[in-house]
There are 2 protein chains.
Amino acid sequence: MIFSSFILSPVIADVAPPRLQLMPAPASLRLGDGRLVITQTFSVGIAGYKEVRLERAARRFVQDLSRRTGLPISLQLSEPATATLVIHTERASRPVQELDEDESYTLEVTSSGANLAAPNPLGVLRGLQTFLQLVHVTPEGFTAAAVRIEDKPRFPWRGLMIDVGRHFMPLDVLKRNLDGMEAVKINVFHWHLSDNQGFRIESKKFPKLHELGSDGLYYTQEEARDLIEYARDRGIRVVPEFDIPGHTTAWFAGYPELASAPGPYEIERRWGVFEPEMDPTKEETYRFLDKFIGEMAEIFPDAYFHIGGDEVKGKQWDANPKIREFMREREFKTHRDLQEYFNAHIEKILTKHHKHMVGWDEILSPGLPKDIVIQSWRGQKSLAEAAKQGYRGLLSFGYYLDLMHPAFEHYGVDPLSDEAGLLSPEEQRSILGGEACMWTEYVSPENIDSRIWPRTAVVAERLWSPQDLQDVDAMYERVEAIRRELDELGLSHRTSETRMLRRMAGTDDIAPLAVLANVVEPLKEYVREEEAKKAGIELSSDDALNRLVDAVPPESETARRFGRSVNQFLAGDSRGGAEEAEIRAQLAAWRDNDARLAPLLQRSYLLKELAPLSQKLAALGDAGLQALDYRDKGERAPAEWTALEMSFIEEAKKPQSDLLLIIVPSVQRLVESVSAANTP
Amino acid sequence: MIFSSFILSPVIADVAPPRLQLMPAPASLRLGDGRLVITQTFSVGIAGYKEVRLERAARRFVQDLSRRTGLPISLQLSEPATATLVIHTERASRPVQELDEDESYTLEVTSSGANLAAPNPLGVLRGLQTFLQLVHVTPEGFTAAAVRIEDKPRFPWRGLMIDVGRHFMPLDVLKRNLDGMEAVKINVFHWHLSDNQGFRIESKKFPKLHELGSDGLYYTQEEARDLIEYARDRGIRVVPEFDIPGHTTAWFAGYPELASAPGPYEIERRWGVFEPEMDPTKEETYRFLDKFIGEMAEIFPDAYFHIGGDEVKGKQWDANPKIREFMREREFKTHRDLQEYFNAHIEKILTKHHKHMVGWDEILSPGLPKDIVIQSWRGQKSLAEAAKQGYRGLLSFGYYLDLMHPAFEHYGVDPLSDEAGLLSPEEQRSILGGEACMWTEYVSPENIDSRIWPRTAVVAERLWSPQDLQDVDAMYERVEAIRRELDELGLSHRTSETRMLRRMAGTDDIAPLAVLANVVEPLKEYVREEEAKKAGIELSSDDALNRLVDAVPPESETARRFGRSVNQFLAGDSRGGAEEAEIRAQLAAWRDNDARLAPLLQRSYLLKELAPLSQKLAALGDAGLQALDYRDKGERAPAEWTALEMSFIEEAKKPQSDLLLIIVPSVQRLVESVSAANTP
């Protein structure tokens, strides 16, 4: 009956089926009939267990819903009997959010109202975000599709790490990112608070840590507590990281006596791995760390405490006769043995302060108790090894946002794949989840949002949603929706690029610059460093991050769409000529862009470097058009032409101004399709 | 010598002369030789008098400069001897900023550094903003042109009023607007805190004012103090307004005994002028207001206190026998007499609390002492009358931002023009300046920035800069620069529109919607109300402000540029055919847009209403192109065609969906240019 009325109604017939662009996708969803229309009279009521956090969450939800719809909805909560959305919770969450806490919820939307039920407020927080994502504009108003969703996460630890050591991120930057994390159900903020380049939290016991280690850029303890509270409101644990015994130059600026070489020390300005290391042989080091960790343990209520532990080279240790002597006495053969000794001490200190230790791959050693957690930047193999030894693990390999990989690559990385996929179910349970990692050598408060989002949403989905969810095209459709939602929340992942392009150009008329910006991506992996090294440039925290490489997002939407068009076209899906017409229009726009862009490039020192890229883009447009001409005439291209174009294409693949012209492979496919080796 | 080296150097030859896009334009400026290059090592030093506010201002300046350039500049202040920019102040500002305080400064920039000197920190604040505006990207880096600027304001009172009564504006909205005000040297924030639709500040003495008068949307006293501090840091006075005895329904929700009719009262939801009025005949009214004003006087340190006083209709007074009797006894003939009686009492209360009274035109009466200030929404005539009677005045007539007039109209309004221009110099001195006014019936936190900016910058320039600065084209060029600067500061006047269009459309693909949005403007004056009345709709604060009329800026940049092109073209300036080609391209884009936009409009209830507008835009594009065809053929258009098009054009001028197709007059000029009455 309902189906036929859909067919019969001319208005409804035009309407697409309800779009469910939920990210992360829920564990189970059943579509109901009809839709709930959201109006100004929308209201929320809380039944069952009540607490202040829940009320704040409900009000925040109403604010978000108002922003999503533009409707003025009252912030006052209603009685459950009359509310549009009724929240029902059974009991309180734990006083400090715990790793194994239930985040499940059931959300039922009908044309007359909605019910959200969860065992505790955590599940409510998750369900409210799902409800928000259900709301779309339609011919009938803003509506939420009628659905029944039963949802819970696949992994209990779904994190985002932000490195505030290399570039300090003001509190408001972190807060808006916590808003983003909540939107995609991330439940751990891993706060990398110290590194060679900065020590970023106030210590009252050792004030020279932040006074001499931060250039004045640090969080007060009050600010840290405020952020933890903010995160708790959003169902997010905060795990602090103090990276020891390496990555510690900033500590030594104030306390050189902790180091393995005499000093004095200054905050490190360069990027890289450096020699300064804590002296693990001195009792004073542990006394200091005991007091310091005790102080931090009072600020950070979470049961987990990250001690880093990565990239200890042992150079200072080798150079220090006392340390060498110490190692000899104890028959330590490698730096690793000494670091084990150090970690064992730290582990005891953490236990004393009721914390479980978390560290990077390198801390793994059989001597440590089984409650520690290994965060792997090396891969599933490390995780699998740890699991076999009875250790719990987190995957971050494959989730490094600073390496500028496209979303689909992160989407393809699963904590339980590869070696970890071969573990027993029991062993697999010790793999807790994973974390996206935002290292910040080339990341500033201005562009960090565009480095974190939307790719972190894709990692979040991998960690929350069923493992068999693998459709990349559908994922990118949901990414479009989440990008818009994050923009509504005030994140700058979309707006910062335009702002930066205008600044570079010194004008609002940036259309031709945007054409170039839309088809380039920052260099991947560590090639930016390698290029600098080749050029004899030492990169550092003094560098301005105001060039095109810093402005463009890690993944080009234009290039992705163009690549898909080219593939469909070459696969024979011509859409009655429309596909080719679109490809031609795009290629022509690139070909003609340099003439418009070149004068602009001369007006700014930040744009001058882009002239070769702009010229290459023009040539690529030309090459693609010529290839299409050959196709249309049913000819193969002369071998000479193909050779010339292919050699140019190889040239165009090379890094230029720390950027890649990311459309090159698509143009290459067009050129190859008419080469003598292929039948056009 | 210097000139010839400019000519000889091929690099420099390409470079335009330094662009000085200062807004407000300074009183005097002399261009020097060369430019100061801004690098990471830029530093600020303070010589002479020092205070914490000055140091905060210097650090804020460095942050702004960092944002403007993308350069990581240290926040630490330097010794004056080594600083790039040396600030020199002689003495402290007054503890509470005063009306007649010196805001002058001298700024000298050379290729090796800069000096900013001012008698007190206020002038420093002004000069720092000027320096920021000097910084532009060039082929040599970010630079500030070498200049010597001696600057001071034309008027001592340059304000912006924001009405938070009708729509509450959260604190962060006000703060970012204070940032914008500082950027354009506005020195008064007039905070319209109460009206029929809301009472917006916490009163501890009369808590039912905010509890029952605000829907929970009010500022705590702590927040108000925080905002005042924030404003003081930026050299901005905060003048509170509590509008009495009319515009007071929200007061009566909690305290009906203040009213002239028994009540009960609820917060007013509709817009308009309403009957509830305070009872001026009761001693209790004055006891209440004495206590209340005393409480507010402690929060607001400014010497001026605004009591509104506008639009008192006296209907409740007439209906109340006691009040009629009271008037008879005292031989009051009009409501105006009774309001005078009321104002005289209020004036004494204000004096007791050390405040000068400010009010709208209606409060002017000869009985009041000469220290009061009249804010005129009626015109220069009111101001002139007040001045002749020895009262001081402020102009707001012509500066009402909610009336949606284009910038050039505000620019043409001068406090010392018309009747005020005929005053003696002595009398003219009593005209203190003016205020832009943002009434918020149709203004939400989401779109307020686009209603205030950039037009308020134009009013700010009128009030700061020399009166003979009248070049409208040059003004619009500076407006482009200030729009970019305000965007850097985090104001949403540019970003909110895109966000709202995406929400309306439910997709990111809003290009055809933007084409329409770019050529419409919200209805002017009070036509939105009139249209609603015609349609039998009662507008209220429950209405959503999420339609196209709420998203588009008050002034269409596209229409302005198109209009200029058409004028130049019709004046015979063809630019070798380029002008016509551009006009044709624009007209064709409009003609073809409806086919792309129509399907989108069907998908959203917020867009459906736009179908007729989109069709009219297509027809206008077509009409313009046909007119050009006649011109190109050297023909006059047939009378029938002209009649048809002109009748359509008249139709297209009518309000539609609360919008105006603002390009109609330009197309009309094209059509008329080929009509039989004209020689093509």
# chains A, B, ... in the order shown; residues from 1 in each chain; ligands from 1
$ residues_around --residues "segment 457-459 of chain A" --least-positions-apart "5" --cutoff "7 Å" --atoms "only C-alpha atoms" --output "MDAnalysis selection string"
chainID A and resid 184 407 410:411 436
$ write_last_selection --atoms "C-alpha atoms" --output "PDB file, in the first residue's frame"
ATOM      1  CA  VAL A 184      32.214  10.646  14.028  1.00  0.00           C
ATOM      2  CA  ALA A 407      41.075   8.666   2.232  1.00  0.00           C
ATOM      3  CA  HIS A 410      43.281   4.761   5.133  1.00  0.00           C
ATOM      4  CA  TYR A 411      39.934   3.087   4.563  1.00  0.00           C
ATOM      5  CA  ALA A 436      44.693   8.406  13.417  1.00  0.00           C
TER       6      ALA A 436
END
$ closest_atom_pairs --of "chain A" --to "chain B" --cutoff "7 Å" --atoms "only C-alpha atoms" --output "JSON lines"
{"residue": "A:Gly70", "atom": "CA", "partner": "B:Asn546", "partner_atom": "CA", "distance": 5.1}
{"residue": "A:Leu71", "atom": "CA", "partner": "B:Ala544", "partner_atom": "CA", "distance": 4.8}
{"residue": "A:Pro72", "atom": "CA", "partner": "B:Ala544", "partner_atom": "CA", "distance": 5.8}
{"residue": "A:His136", "atom": "CA", "partner": "B:Gly506", "partner_atom": "CA", "distance": 6.5}
{"residue": "A:Val137", "atom": "CA", "partner": "B:Gly506", "partner_atom": "CA", "distance": 5.7}
{"residue": "A:Thr138", "atom": "CA", "partner": "B:Ser604", "partner_atom": "CA", "distance": 4.6}
{"residue": "A:Pro139", "atom": "CA", "partner": "B:Tyr605", "partner_atom": "CA", "distance": 4.2}
{"residue": "A:Glu140", "atom": "CA", "partner": "B:Tyr605", "partner_atom": "CA", "distance": 5.7}
{"residue": "A:Gly141", "atom": "CA", "partner": "B:Tyr605", "partner_atom": "CA", "distance": 5.3}
{"residue": "A:Met504", "atom": "CA", "partner": "B:Val137", "partner_atom": "CA", "distance": 6.9}
{"residue": "A:Gly506", "atom": "CA", "partner": "B:Val137", "partner_atom": "CA", "distance": 5.7}
{"residue": "A:Asp542", "atom": "CA", "partner": "B:Pro72", "partner_atom": "CA", "distance": 6.5}
{"residue": "A:Ala544", "atom": "CA", "partner": "B:Leu71", "partner_atom": "CA", "distance": 4.8}
{"residue": "A:Leu545", "atom": "CA", "partner": "B:Gly70", "partner_atom": "CA", "distance": 6.4}
{"residue": "A:Asn546", "atom": "CA", "partner": "B:Gly70", "partner_atom": "CA", "distance": 5.1}
{"residue": "A:Gln602", "atom": "CA", "partner": "B:Pro139", "partner_atom": "CA", "distance": 6.6}
{"residue": "A:Arg603", "atom": "CA", "partner": "B:Pro139", "partner_atom": "CA", "distance": 5.3}
{"residue": "A:Ser604", "atom": "CA", "partner": "B:Pro139", "partner_atom": "CA", "distance": 4.3}
{"residue": "A:Tyr605", "atom": "CA", "partner": "B:Pro139", "partner_atom": "CA", "distance": 4.2}
$ write_last_selection --atoms "N, CA, C and O atoms" --output "compact mmCIF listing (two decimals), in the first residue's frame"
# COMPACT_ATOMS: atom_id res chain seq x y z
N GLY A 70 18.71 25.62 10.46
CA GLY A 70 18.38 27.03 10.49
C GLY A 70 17.07 27.31 11.21
O GLY A 70 16.56 28.42 11.14
N LEU A 71 16.54 26.33 11.90
CA LEU A 71 15.27 26.53 12.63
C LEU A 71 15.56 26.98 14.06
O LEU A 71 16.46 26.43 14.71
N PRO A 72 14.79 27.96 14.57
CA PRO A 72 14.97 28.36 15.96
C PRO A 72 14.25 27.37 16.88
O PRO A 72 13.04 27.45 17.06
N HIS A 136 18.02 15.70 6.75
CA HIS A 136 18.33 16.26 5.44
C HIS A 136 17.20 17.16 4.98
O HIS A 136 16.06 16.98 5.40
N VAL A 137 17.55 18.07 4.10
CA VAL A 137 16.51 18.91 3.53
C VAL A 137 15.80 18.15 2.42
O VAL A 137 16.44 17.40 1.66
N THR A 138 14.49 18.28 2.37
CA THR A 138 13.68 17.61 1.35
C THR A 138 12.60 18.59 0.91
O THR A 138 12.46 19.66 1.49
N PRO A 139 11.81 18.22 -0.10
CA PRO A 139 10.73 19.12 -0.51
C PRO A 139 9.71 19.35 0.61
O PRO A 139 8.99 20.34 0.60
N GLU A 140 9.67 18.44 1.59
CA GLU A 140 8.68 18.59 2.67
C GLU A 140 9.24 19.30 3.89
O GLU A 140 8.54 19.46 4.88
N GLY A 141 10.48 19.66 3.86
CA GLY A 141 11.10 20.28 5.03
C GLY A 141 12.36 19.52 5.39
O GLY A 141 12.78 18.61 4.66
N MET A 504 47.82 34.57 -0.29
CA MET A 504 48.95 34.41 -1.21
C MET A 504 48.84 35.36 -2.38
O MET A 504 49.84 35.89 -2.86
N GLY A 506 46.86 38.12 -2.53
CA GLY A 506 46.61 39.52 -2.18
C GLY A 506 45.39 40.09 -2.86
O GLY A 506 45.26 41.30 -3.04
N ASP A 542 60.75 27.46 12.36
CA ASP A 542 60.72 28.87 11.98
C ASP A 542 60.11 29.09 10.59
O ASP A 542 59.86 30.23 10.20
N ALA A 544 57.60 29.47 7.59
CA ALA A 544 56.20 29.84 7.42
C ALA A 544 55.48 28.71 6.68
O ALA A 544 56.03 28.11 5.76
N LEU A 545 54.28 28.42 7.10
CA LEU A 545 53.46 27.41 6.41
C LEU A 545 52.37 28.14 5.64
O LEU A 545 51.18 28.00 5.92
N ASN A 546 52.80 28.93 4.68
CA ASN A 546 51.85 29.79 3.96
C ASN A 546 51.94 29.64 2.45
O ASN A 546 51.49 30.50 1.72
N GLN A 602 53.00 36.57 -10.84
CA GLN A 602 54.11 37.54 -10.78
C GLN A 602 53.94 38.56 -9.67
O GLN A 602 54.87 39.29 -9.34
N ARG A 603 52.75 38.62 -9.11
CA ARG A 603 52.48 39.68 -8.14
C ARG A 603 52.79 39.32 -6.70
O ARG A 603 52.70 40.15 -5.82
N SER A 604 53.13 38.04 -6.47
CA SER A 604 53.33 37.60 -5.09
C SER A 604 54.53 36.67 -4.96
O SER A 604 54.67 35.73 -5.74
N TYR A 605 55.36 36.93 -3.96
CA TYR A 605 56.53 36.05 -3.77
C TYR A 605 56.10 34.63 -3.43
O TYR A 605 56.86 33.69 -3.63
$ residues_around --residues "Ile236 of chain B" --least-positions-apart "4" --cutoff "9 Å" --atoms "only C-alpha atoms" --output "MDAnalysis selection string"
chainID B and resid 97 159 178 181:182 185:189 228 230:232
$ select_by_dssp --residues "segment 467-650 of chain B" --states "alpha helix (DSSP H)" --output "ChimeraX atom specification"
/B:472-488,495-505,511-517,527-534,548-551,557-570,578-601,611-632,639-650
$ atom_distance --atom1 "atom CA of Ser104 of chain B" --atom2 "atom CA of Pro119 of chain B"
7.2 Å
$ residues_around --residues "segment 401-405 of chain A" --least-positions-apart "4" --cutoff "9 Å" --atoms "only C-alpha atoms" --output "list of chain:residue names"
A:Glu409, A:His410, A:Ala436, A:Cys437, A:Met438, A:Trp439, A:Thr440, A:Glu441, A:Tyr442, A:Val443, A:Arg451, A:Ile452, A:Arg455, A:Thr456, A:Glu521, A:Pro522, A:Leu523, A:Lys524, A:Glu525, A:Tyr526, A:Pro553, A:Pro554, A:Glu555
$ residues_around --residues "Ser93 of chain A" --least-positions-apart "3" --cutoff "7 Å" --atoms "only C-alpha atoms" --output "mmCIF file with C-alpha atoms, in the first residue's frame"
data_model
loop_
_atom_site.group_PDB
_atom_site.id
_atom_site.type_symbol
_atom_site.label_atom_id
_atom_site.label_comp_id
_atom_site.auth_asym_id
_atom_site.auth_seq_id
_atom_site.Cartn_x
_atom_site.Cartn_y
_atom_site.Cartn_z
ATOM 1 C CA ASN A 120 24.259 4.655 29.713
ATOM 2 C CA PRO A 121 24.846 8.276 28.617
ATOM 3 C CA LEU A 122 27.765 7.293 26.383
#
$ residues_around --residues "Asp468 of chain A" --least-positions-apart "6" --cutoff "12 Å" --atoms "only C-alpha atoms" --output "VMD selection string"
chain A and resid 25 27 154 411 to 412 414 416 to 417 461 to 462
$ write_last_selection --atoms "all heavy atoms" --output "PDB file, in the first residue's frame"
ATOM      1  N   ALA A  25      29.060   4.290   9.483  1.00  0.00           N
ATOM      2  CA  ALA A  25      27.828   3.545   9.235  1.00  0.00           C
ATOM      3  C   ALA A  25      27.511   2.689  10.459  1.00  0.00           C
ATOM      4  O   ALA A  25      28.409   2.133  11.077  1.00  0.00           O
ATOM      5  CB  ALA A  25      28.003   2.659   8.007  1.00  0.00           C
ATOM      6  N   ALA A  27      25.992  -0.403  12.881  1.00  0.00           N
ATOM      7  CA  ALA A  27      26.114  -1.860  12.808  1.00  0.00           C
ATOM      8  C   ALA A  27      24.904  -2.478  12.132  1.00  0.00           C
ATOM      9  O   ALA A  27      25.023  -3.417  11.341  1.00  0.00           O
ATOM     10  CB  ALA A  27      26.283  -2.418  14.216  1.00  0.00           C
ATOM     11  N   ARG A 154      32.768  -1.511  16.657  1.00  0.00           N
ATOM     12  CA  ARG A 154      33.548  -2.743  16.458  1.00  0.00           C
ATOM     13  C   ARG A 154      34.738  -2.773  17.419  1.00  0.00           C
ATOM     14  O   ARG A 154      35.061  -3.808  17.980  1.00  0.00           O
ATOM     15  CB  ARG A 154      34.018  -2.769  15.005  1.00  0.00           C
ATOM     16  CG  ARG A 154      34.786  -4.012  14.622  1.00  0.00           C
ATOM     17  CD  ARG A 154      35.033  -4.065  13.113  1.00  0.00           C
ATOM     18  NE  ARG A 154      36.127  -4.961  12.821  1.00  0.00           N
ATOM     19  CZ  ARG A 154      37.124  -4.705  11.987  1.00  0.00           C
ATOM     20  NH1 ARG A 154      37.141  -3.544  11.318  1.00  0.00           N
ATOM     21  NH2 ARG A 154      38.086  -5.571  11.797  1.00  0.00           N
ATOM     22  N   TYR A 411      41.129   3.929   4.448  1.00  0.00           N
ATOM     23  CA  TYR A 411      39.934   3.087   4.563  1.00  0.00           C
ATOM     24  C   TYR A 411      40.303   1.606   4.396  1.00  0.00           C
ATOM     25  O   TYR A 411      39.674   0.729   4.990  1.00  0.00           O
ATOM     26  CB  TYR A 411      38.936   3.509   3.482  1.00  0.00           C
ATOM     27  CG  TYR A 411      37.498   3.153   3.760  1.00  0.00           C
ATOM     28  CD1 TYR A 411      36.894   3.511   4.954  1.00  0.00           C
ATOM     29  CD2 TYR A 411      36.728   2.475   2.810  1.00  0.00           C
ATOM     30  CE1 TYR A 411      35.553   3.207   5.202  1.00  0.00           C
ATOM     31  CE2 TYR A 411      35.396   2.170   3.042  1.00  0.00           C
ATOM     32  CZ  TYR A 411      34.818   2.530   4.239  1.00  0.00           C
ATOM     33  OH  TYR A 411      33.492   2.235   4.482  1.00  0.00           O
ATOM     34  N   GLY A 412      41.324   1.368   3.594  1.00  0.00           N
ATOM     35  CA  GLY A 412      41.733  -0.001   3.325  1.00  0.00           C
ATOM     36  C   GLY A 412      42.574  -0.638   4.423  1.00  0.00           C
ATOM     37  O   GLY A 412      42.952  -1.807   4.321  1.00  0.00           O
ATOM     38  N   ASP A 414      43.054  -2.109   8.043  1.00  0.00           N
ATOM     39  CA  ASP A 414      42.206  -2.670   9.105  1.00  0.00           C
ATOM     40  C   ASP A 414      43.089  -3.229  10.215  1.00  0.00           C
ATOM     41  O   ASP A 414      44.048  -3.947   9.943  1.00  0.00           O
ATOM     42  CB  ASP A 414      41.327  -3.783   8.526  1.00  0.00           C
ATOM     43  CG  ASP A 414      40.187  -4.145   9.452  1.00  0.00           C
ATOM     44  OD1 ASP A 414      40.461  -4.644  10.577  1.00  0.00           O
ATOM     45  OD2 ASP A 414      39.028  -3.907   9.090  1.00  0.00           O
ATOM     46  N   LEU A 416      42.663  -5.609  12.006  1.00  0.00           N
ATOM     47  CA  LEU A 416      42.648  -7.067  12.041  1.00  0.00           C
ATOM     48  C   LEU A 416      42.936  -7.670  10.671  1.00  0.00           C
ATOM     49  O   LEU A 416      42.414  -8.740  10.335  1.00  0.00           O
ATOM     50  CB  LEU A 416      41.306  -7.568  12.575  1.00  0.00           C
ATOM     51  CG  LEU A 416      41.018  -7.204  14.036  1.00  0.00           C
ATOM     52  CD1 LEU A 416      39.706  -7.809  14.500  1.00  0.00           C
ATOM     53  CD2 LEU A 416      42.158  -7.690  14.932  1.00  0.00           C
ATOM     54  N   SER A 417      43.742  -6.988   9.881  1.00  0.00           N
ATOM     55  CA  SER A 417      44.111  -7.558   8.596  1.00  0.00           C
ATOM     56  C   SER A 417      45.561  -8.020   8.647  1.00  0.00           C
ATOM     57  O   SER A 417      46.228  -7.915   9.667  1.00  0.00           O
ATOM     58  CB  SER A 417      43.925  -6.521   7.489  1.00  0.00           C
ATOM     59  OG  SER A 417      44.894  -5.509   7.632  1.00  0.00           O
ATOM     60  N   GLU A 461      35.272   5.481  10.789  1.00  0.00           N
ATOM     61  CA  GLU A 461      34.328   4.473  10.290  1.00  0.00           C
ATOM     62  C   GLU A 461      34.965   3.083  10.271  1.00  0.00           C
ATOM     63  O   GLU A 461      34.318   2.095  10.636  1.00  0.00           O
ATOM     64  CB  GLU A 461      33.851   4.839   8.880  1.00  0.00           C
ATOM     65  CG  GLU A 461      32.977   3.762   8.260  1.00  0.00           C
ATOM     66  CD  GLU A 461      32.083   4.285   7.156  1.00  0.00           C
ATOM     67  OE1 GLU A 461      31.120   5.005   7.470  1.00  0.00           O
ATOM     68  OE2 GLU A 461      32.349   3.972   5.978  1.00  0.00           O
ATOM     69  N   ARG A 462      36.213   3.010   9.867  1.00  0.00           N
ATOM     70  CA  ARG A 462      36.893   1.717   9.850  1.00  0.00           C
ATOM     71  C   ARG A 462      36.895   1.093  11.242  1.00  0.00           C
ATOM     72  O   ARG A 462      36.777  -0.117  11.405  1.00  0.00           O
ATOM     73  CB  ARG A 462      38.326   1.901   9.307  1.00  0.00           C
ATOM     74  CG  ARG A 462      39.201   0.670   9.237  1.00  0.00           C
ATOM     75  CD  ARG A 462      38.588  -0.507   8.479  1.00  0.00           C
ATOM     76  NE  ARG A 462      38.219  -0.240   7.117  1.00  0.00           N
ATOM     77  CZ  ARG A 462      37.001  -0.535   6.602  1.00  0.00           C
ATOM     78  NH1 ARG A 462      36.068  -1.105   7.359  1.00  0.00           N
ATOM     79  NH2 ARG A 462      36.726  -0.268   5.360  1.00  0.00           N
TER      80      ARG A 462
END
$ closest_residue --among "B:Met296, B:Ala420, B:Val52, B:Ala460" --to "Leu22 of chain B" --atoms "only C-alpha atoms"
B:Ala460
$ atom_distance --atom1 "atom CA of Lys208 of chain B" --atom2 "atom CA of Pro240 of chain B"
19.3 Å
$ closest_residue --among "A:Leu107, A:Ala344, A:Leu617, A:Val96" --to "Arg237 of chain A" --atoms "only C-alpha atoms"
A:Val96
